[in-house]
Amino acid sequence: MKRFLQGILALSAGLALLAGASCNKTGGENGGNGGGNSGGGSGTPVETGSQLADVTYQLNVYSFADSDGDGWGDLKGVTQHLDYFESLGVSALWLSPVQAAMSYHGYNVTDYSAINPKLGTEADFKDLIGKAGAKGIDIYMDYVLNHSGSDNAWFKEACSSADSKYRSYYVFSDNPAADVAAGKIDNYAGAKTPGMGTWYTLSGSTGSGRLHFKLDWNARKVTVTQSTEAAQASNPSATKWLYYGNGTEAGLYATGGEIYEITVDFASDWGFLIRTATGNDWGVGKKYGAPNGAGGLTLGQPYPIAASTSSFDPGNITFAGGTSYFASFDKSMPDLNYGPYDKAAESAAFKDLAASADKWIKLGVNGLRLDAVLWIYQQQTSANVAFLKAWYDHCNATYKARGGSGEFYMVGEAWTGADEIAAYYKGLPSCFNFPYWDTLKDRINKGRGSDFATTVSGFRNQFRSNRSDFIDAIKLSNHDEDRTAESLGRSLDKEKLAAAVLLTSPGKPFIYQGEELGYWGNKGGGDEYVRAPIKWTRSGSVPTAALSGKVDNAMLSDAISVEAQSADEASLLSVYRKFSKARNSYKALAKGEITPVSSTNNALALWTLSFDGQTVLVAHNFGSGVVSASVSGISELSADRILVSNGVASVNGSSVTLGAYASAVFAL
Ligand code: MG
């Protein structure tokens, strides 16, 4: 409620400021009058609140800004740049995981209640929360509930003894295939087979030592026995290969009749595969492993192997008799176990995780972003939804007990289609809308805007069907995707269009670190290439220590810096600031519901947004040519009603003209 009132009060000042005038001044990092909360002094335009628009900035703490010169971005670095977020009209920050973790990205947490010392101290975090809060900026933590890091003390304890109380925190089995088939693995809920993931054997279990492998190729079966024969070197001219351990490839020897054999000193914590190719050639039909859901090869008994196809990826072949643990993503990320989903909140793992969340919420955290919610129970939607509802209710209760206003914010990463995302709204108030960006980049690249508004409206209707107060978390690319610029052919005009569309769409927009500067990069060479540091000044250094040298220094030129783009009213950063400011100035733009508007030109995307008596018309040209088209049902357009625009925009009666990839918002 508080946010809404601020927006109304700011409206008249915003109209005067934005109509026909650029709202971006040149200057330092702030780039002029973004949507700050502080209010204007005498003689300066009255600033609008940044909370109306509900724009969130997603940042990687490890590469955002380095306060102490050690090459790592850190929490103090974030605190030092709060004015940057004000200039972008941002009212919340989603921080990459800040808890103690095993790797730079933080998604393998070793202590949920401690701050990663690479990023600073708990006092630094508290200071950030306080200083951001004073500017009306909320802090959202990234919470990883699907798995912990394998160096987490819980997991180490769990592995040390079958009697450990932490054994129940993870998914262990002595015979995964049988246990899954028998429905004994709670993590799989009602499914007999996992959507993805691997069982890893604990070190010290069977499947190590000198082993003889005999492959009967005609029968597609492999038999493994313990051996006292000498270990053999790999056969370099082999056609069949044993693949195990840390990328070990051992060529088998043909011994006649389509039989292939080798004896090796075997050590592997995940089992083995048979391959008909080596190196990076993992083509269809070249990888042989466990049939779906199977595992547990018994020494001395022939074991059937299955080939990869275009639709089937065989599992790792593990050994029966030992103990394995399950991991959806990586062996360093063992999945957490919350027991039967309808009693998840009673599990010891849930209670411990909840205690850690309570700590941070009491410290002032106002939201959580939940990682990988599809996999908490192996892509079992109803199970995940039940779990997430329990988790949300717990955190919201803590938030309210703290005296937090409104409802606690929580957004889930359900990276899937709109139908399934809609189902997650039964458990969570907000979900990332991945299909939004998929649709937007597809339509921009096709130069076709005509069905964009109806598609977005359709998504929202699906979400609304499960939660009337759903919060549609819209975004362009994030830290796990190829960059927006990469997907749009590094066309600056298309990037400006994408920014303008994002900030004129209904929902809660997220801006990912570097998007506002036009960073490019794809995941092919490593995820680090889409997690590049912010280049603050033309000639300054950037924090790259976390990124293992995987930094495109050619991209991080002086010209792409915040300093350079702040001095250029036509820069991408200026477009972000301008449209975010408009969103913070017009309640219809910030809170309006979308109504598609048809036009006579397929390149145009048109919609209205209406809220509390205010209506705006949003117009974007997804095409590469100048477009003039009449807007059906609207007869009162005029040039002095343009609230914000990028590129050429003019109007004549009910006809609007937009330059290539141009955007404009009109008051109606
Ligand atoms: Mg540092």
# chains A, B, ... in the order shown; residues from 1 in each chain; ligands from 1
$ residues_around --residues "range 547-549 of chain A" --least-positions-apart "4" --cutoff "8 Å" --atoms "only C-alpha atoms" --output "short mmCIF file (atom, residue, chain, number, x, y, z; two decimals) with all heavy atoms, in the first residue's frame"
data_model
loop_
_atom_site.label_atom_id
_atom_site.label_comp_id
_atom_site.auth_asym_id
_atom_site.auth_seq_id
_atom_site.Cartn_x
_atom_site.Cartn_y
_atom_site.Cartn_z
N TYR A 104 32.79 -20.49 -6.72
CA TYR A 104 32.64 -19.03 -6.84
C TYR A 104 31.18 -18.59 -6.94
O TYR A 104 30.80 -17.55 -6.43
CB TYR A 104 33.42 -18.52 -8.06
CG TYR A 104 32.70 -18.72 -9.38
CD1 TYR A 104 31.89 -17.71 -9.90
CD2 TYR A 104 32.79 -19.91 -10.08
CE1 TYR A 104 31.21 -17.89 -11.08
CE2 TYR A 104 32.11 -20.10 -11.26
CZ TYR A 104 31.32 -19.09 -11.77
OH TYR A 104 30.62 -19.28 -12.93
N GLU A 528 30.94 -18.57 -16.77
CA GLU A 528 31.57 -17.30 -16.38
C GLU A 528 31.38 -16.21 -17.44
O GLU A 528 31.33 -15.02 -17.11
CB GLU A 528 33.08 -17.51 -16.13
CG GLU A 528 33.40 -18.36 -14.91
CD GLU A 528 33.45 -19.86 -15.22
OE1 GLU A 528 32.95 -20.28 -16.29
OE2 GLU A 528 34.01 -20.61 -14.38
N ALA A 532 29.97 -11.65 -16.25
CA ALA A 532 31.10 -10.72 -16.29
C ALA A 532 30.93 -9.58 -15.30
O ALA A 532 29.81 -9.19 -14.96
CB ALA A 532 31.26 -10.18 -17.71
#
$ residues_around --residues "Gly106 in chain A" --least-positions-apart "2" --cutoff "12 Å" --atoms "only C-alpha atoms" --output "ChimeraX atom specification"
/A:60-62,95-104,108-112,115-119,141-144,147-149,332-333,371,546
$ closest_atom_pairs --of "chain A" --to "ligand 1" --cutoff "7 Å" --atoms "only C-alpha atoms and all ligand atoms" --output "tab-separated table"
residue	atom	partner	partner_atom_place_in_ligand_line	distance
A:Asp66	CA	ligand 1	1 (Mg)	4.2
A:Ser67	CA	ligand 1	1 (Mg)	5.2
A:Asp68	CA	ligand 1	1 (Mg)	4.7
A:Gly69	CA	ligand 1	1 (Mg)	5.5
A:Asp70	CA	ligand 1	1 (Mg)	4.7
A:Gly71	CA	ligand 1	1 (Mg)	5.5
A:Trp72	CA	ligand 1	1 (Mg)	4.0
A:Gly73	CA	ligand 1	1 (Mg)	4.6
A:Asp74	CA	ligand 1	1 (Mg)	4.8
A:Leu119	CA	ligand 1	1 (Mg)	6.6
$ residues_around --residues "Asp342 in chain A" --least-positions-apart "4" --cutoff "9 Å" --atoms "only C-alpha atoms" --output "NGL selection string"
:A and (383 or 386-387)
$ residues_around --residues "Arg483 in chain A" --least-positions-apart "5" --cutoff "10 Å" --atoms "only C-alpha atoms" --output "list in words"
Leu476, Ser477, Asn478, Leu488, Arg490, Tyr512, Gly514, Glu515, Gly518, Tyr519, Trp520, Gly521, Asn522, Lys523, Tyr529, Val530 and Arg531 of chain A
$ write_last_selection --atoms "N, CA, C and O atoms" --output "short mmCIF file (atom, residue, chain, number, x, y, z; two decimals), in the first residue's frame"
data_model
loop_
_atom_site.label_atom_id
_atom_site.label_comp_id
_atom_site.auth_asym_id
_atom_site.auth_seq_id
_atom_site.Cartn_x
_atom_site.Cartn_y
_atom_site.Cartn_z
N LEU A 476 14.77 -10.59 -18.98
CA LEU A 476 15.44 -10.99 -20.23
C LEU A 476 16.36 -12.14 -19.83
O LEU A 476 15.91 -13.07 -19.19
N SER A 477 17.64 -12.09 -20.14
CA SER A 477 18.50 -13.23 -19.78
C SER A 477 18.92 -13.13 -18.31
O SER A 477 18.84 -12.07 -17.70
N ASN A 478 19.37 -14.26 -17.76
CA ASN A 478 19.92 -14.26 -16.40
C ASN A 478 21.29 -14.95 -16.39
O ASN A 478 21.88 -15.18 -17.45
N LEU A 488 20.27 -11.53 -29.56
CA LEU A 488 19.72 -10.54 -30.49
C LEU A 488 20.78 -10.10 -31.50
O LEU A 488 20.71 -8.99 -32.05
N ARG A 490 23.78 -9.14 -31.20
CA ARG A 490 24.56 -7.97 -30.78
C ARG A 490 24.11 -6.69 -31.47
O ARG A 490 24.93 -5.82 -31.81
N TYR A 512 19.25 -8.06 -15.10
CA TYR A 512 20.43 -8.84 -14.70
C TYR A 512 21.72 -8.07 -14.97
O TYR A 512 21.92 -7.52 -16.06
N GLY A 514 24.74 -6.28 -16.01
CA GLY A 514 25.43 -6.20 -17.30
C GLY A 514 24.48 -6.09 -18.48
O GLY A 514 24.88 -5.64 -19.55
N GLU A 515 23.22 -6.49 -18.28
CA GLU A 515 22.24 -6.35 -19.37
C GLU A 515 22.07 -4.88 -19.74
O GLU A 515 21.91 -4.54 -20.91
N GLY A 518 24.68 -3.77 -22.11
CA GLY A 518 24.76 -4.43 -23.41
C GLY A 518 25.81 -5.52 -23.46
O GLY A 518 26.34 -5.85 -24.53
N TYR A 519 26.10 -6.13 -22.31
CA TYR A 519 27.08 -7.22 -22.32
C TYR A 519 26.63 -8.35 -23.24
O TYR A 519 25.46 -8.69 -23.30
N TRP A 520 27.60 -8.94 -23.92
CA TRP A 520 27.31 -10.13 -24.68
C TRP A 520 28.04 -11.30 -24.05
O TRP A 520 28.72 -11.15 -23.03
N GLY A 521 27.95 -12.48 -24.64
CA GLY A 521 28.59 -13.66 -24.09
C GLY A 521 27.63 -14.83 -24.07
O GLY A 521 26.42 -14.65 -23.93
N ASN A 522 28.18 -16.02 -24.30
CA ASN A 522 27.35 -17.22 -24.22
C ASN A 522 28.03 -18.25 -23.34
O ASN A 522 29.20 -18.11 -22.97
N LYS A 523 27.27 -19.27 -23.00
CA LYS A 523 27.72 -20.25 -22.03
C LYS A 523 28.66 -21.30 -22.63
O LYS A 523 29.20 -22.13 -21.89
N TYR A 529 31.28 -16.62 -18.70
CA TYR A 529 31.17 -15.63 -19.77
C TYR A 529 29.83 -14.89 -19.78
O TYR A 529 29.69 -13.89 -20.49
N VAL A 530 28.87 -15.38 -19.01
CA VAL A 530 27.62 -14.61 -18.89
C VAL A 530 27.50 -14.01 -17.48
O VAL A 530 26.43 -13.60 -17.07
N ARG A 531 28.63 -13.97 -16.76
CA ARG A 531 28.62 -13.45 -15.39
C ARG A 531 29.72 -12.40 -15.20
O ARG A 531 30.33 -12.28 -14.15
#
$ select_by_dssp --residues "range 335-412 of chain A" --states "alpha helix (DSSP H)" --output "number ranges by chain"
A: 348-363, 381-402
$ closest_atom_pairs --of "range 299-365 of chain A" --to "range 133-138 of chain A" --cutoff "12 Å" --atoms "only C-alpha atoms" --output "JSON lines"
{"residue": "A:Ile361", "atom": "CA", "partner": "A:Asp138", "partner_atom": "CA", "distance": 11.5}
{"residue": "A:Leu363", "atom": "CA", "partner": "A:Gly133", "partner_atom": "CA", "distance": 11.7}
{"residue": "A:Gly364", "atom": "CA", "partner": "A:Gly133", "partner_atom": "CA", "distance": 8.6}
{"residue": "A:Val365", "atom": "CA", "partner": "A:Asp138", "partner_atom": "CA", "distance": 7.2}
$ atom_distance --atom1 "CA of Lys535 in chain A" --atom2 "CA of Ala498 in chain A"
21.5 Å
$ atom_distance --atom1 "CA of Ala397 in chain A" --atom2 "CA of Asp352 in chain A"
16.2 Å
$ closest_residue --among "A:Asp265, A:Glu86, A:Asp216, A:Asp482" --to "Ser234 in chain A" --atoms "only C-alpha atoms"
A:Asp265
$ closest_residue --among "A:Tyr166, A:Gly251, A:Arg443, A:Glu495" --to "Asn337 in chain A" --atoms "only C-alpha atoms"
A:Tyr166
